[in-house]
Amino acid sequence: MGLDGVELVLAVEEEFGIPIDDADAATLVTPGMLSDYVIARLGNVGGIKGRCLSQAGFYRIRSALVRQFGARRNEVRPDSPITNFLNGKIRKQWVQLQKAIDAPHLPGLQCKKRIAYPIQIALPCAGLALLTLVGAPGWALVFALIALWISAVIITNKLGDVVPKEVATVSALIPYVRVKNQEEWTRDYVLQRVLQITAVQLGIPIEKIHPDSHFVKDLGVD
């Protein structure tokens, strides 16, 4: 499967929250066949109930890891450590991942304890010592202690480069992903979404794509 085909499959998986095996993908040669496959995987062809949100979240995460971080589809599993796919500038990548999977409440990276503790202890203590030397009143010392501790926490948060244990795996990220829950999938809706996704992924006007258009012969999918 070429790059165009992989991107198309990822987009459909992300949209409908279903897995599409490589072997199955090779047999789905038209948008109509692909939409029929989606309908069959979702369930009842007459009126398809909303997808499983946990599955939708997983495929959204997998799509982001493949597209933006170079992961292979078969490497991304629910129990995979998220650090397997992050390297280099992890703080920047964590922000990218948060945006890609639409997880605004994803916990931030943690600072290493050997760095965080000295800062959170030393900064307030140094500030209090200085204020005591200049004869600051008691109320000022209390206010300064609170302000300096908050400042130390902010500093250590900005230095965070460790993935929190509670979101250390792909499956642990799923509850933080925001996905749309379509209450009912109809055959026409699924087909139209597949056509739209195909148009976007291939850069072809949607009016030139038909349900029986061959992905390779007619649309140039590699």
# chains A, B, ... in the order shown; residues from 1 in each chain; ligands from 1

$ residues_around --residues "region 63-79 of chain A" --least-positions-apart "3" --cutoff "8 Å" --atoms "only C-alpha atoms" --output "list in words"
Glu7, Leu10, Ala11, Glu14, Phe58, Tyr59, Arg60, Phe85, Leu86, Leu97, Ala100, Ile101, Thr169, Val170 and Ser171 of chain A

$ write_last_selection --atoms "C-alpha atoms" --output "CSV table (one decimal), in the first residue's frame"
chain,number,residue,atom,x,y,z
A,7,GLU,CA,-3.4,8.2,4.4
A,10,LEU,CA,-6.0,6.3,8.3
A,11,ALA,CA,-8.5,9.1,7.6
A,14,GLU,CA,-10.2,8.1,12.3
A,58,PHE,CA,-7.7,4.9,19.6
A,59,TYR,CA,-7.8,5.3,15.8
A,60,ARG,CA,-7.5,9.0,16.2
A,85,PHE,CA,6.8,7.3,19.3
A,86,LEU,CA,8.3,10.4,20.8
A,97,LEU,CA,0.2,15.3,20.1
A,100,ALA,CA,-3.5,16.3,16.9
A,101,ILE,CA,-5.8,14.2,19.0
A,169,THR,CA,0.4,4.1,27.1
A,170,VAL,CA,-1.7,4.7,24.0
A,171,SER,CA,-4.8,3.3,25.8

$ residues_around --residues "Tyr176 (chain A)" --least-positions-apart "3" --cutoff "6 Å" --atoms "only C-alpha atoms" --output "tab-separated table (two decimals) with N, CA, C and O atoms, in the first residue's frame"
chain	number	residue	atom	x	y	z
A	103	ALA	N	-6.99	16.82	22.56
A	103	ALA	CA	-7.05	16.46	23.98
A	103	ALA	C	-6.60	17.64	24.83
A	103	ALA	O	-5.49	17.65	25.37
A	106	LEU	N	-5.22	16.96	28.40
A	106	LEU	CA	-4.15	15.98	28.56
A	106	LEU	C	-3.14	16.50	29.58
A	106	LEU	O	-2.69	17.65	29.47
A	173	LEU	N	-4.29	7.33	26.91
A	173	LEU	CA	-4.59	8.62	26.31
A	173	LEU	C	-6.05	8.72	25.87
A	173	LEU	O	-6.59	9.82	25.73

$ select_by_dssp --residues "region 68-218 of chain A" --states "strand (DSSP E or B)" --output "list of chain:residue names"
A:Pro81, A:Gln110, A:Val162, A:Thr169, A:Glu184, A:Trp185

$ residues_around --residues "Ala168 (chain A)" --least-positions-apart "6" --cutoff "8 Å" --atoms "only C-alpha atoms" --output "JSON, numbers by chain"
{"A": [81, 82, 83]}

$ write_last_selection --atoms "N, CA and C atoms" --output "mmCIF file, in the first residue's frame"
data_model
loop_
_atom_site.group_PDB
_atom_site.id
_atom_site.type_symbol
_atom_site.label_atom_id
_atom_site.label_comp_id
_atom_site.auth_asym_id
_atom_site.auth_seq_id
_atom_site.Cartn_x
_atom_site.Cartn_y
_atom_site.Cartn_z
ATOM 1 N N PRO A 81 3.830 1.795 24.841
ATOM 2 C CA PRO A 81 4.256 3.007 25.572
ATOM 3 C C PRO A 81 4.306 4.188 24.611
ATOM 4 N N ILE A 82 3.756 5.300 25.017
ATOM 5 C CA ILE A 82 3.706 6.465 24.140
ATOM 6 C C ILE A 82 5.104 6.996 23.850
ATOM 7 N N THR A 83 6.044 6.731 24.756
ATOM 8 C CA THR A 83 7.416 7.194 24.542
ATOM 9 C C THR A 83 8.091 6.476 23.378
#

$ closest_residue --among "A:Leu141, A:Ala126, A:Ile155, A:Val95" --to "Cys111 (chain A)" --atoms "only C-alpha atoms"
A:Ile155

$ atom_distance --atom1 "CA of Ala40 (chain A)" --atom2 "CA of Thr27 (chain A)"
14.6 Å

$ residues_around --residues "Ala116 (chain A)" --least-positions-apart "4" --cutoff "9 Å" --atoms "only C-alpha atoms" --output "VMD selection string"
chain A and resid 110 to 112 120 to 121 152 to 153 155 to 157 159 to 160

$ closest_residue --among "A:Ala56, A:Leu109, A:Val29, A:Ile90" --to "Val12 (chain A)" --atoms "only C-alpha atoms"
A:Ala56
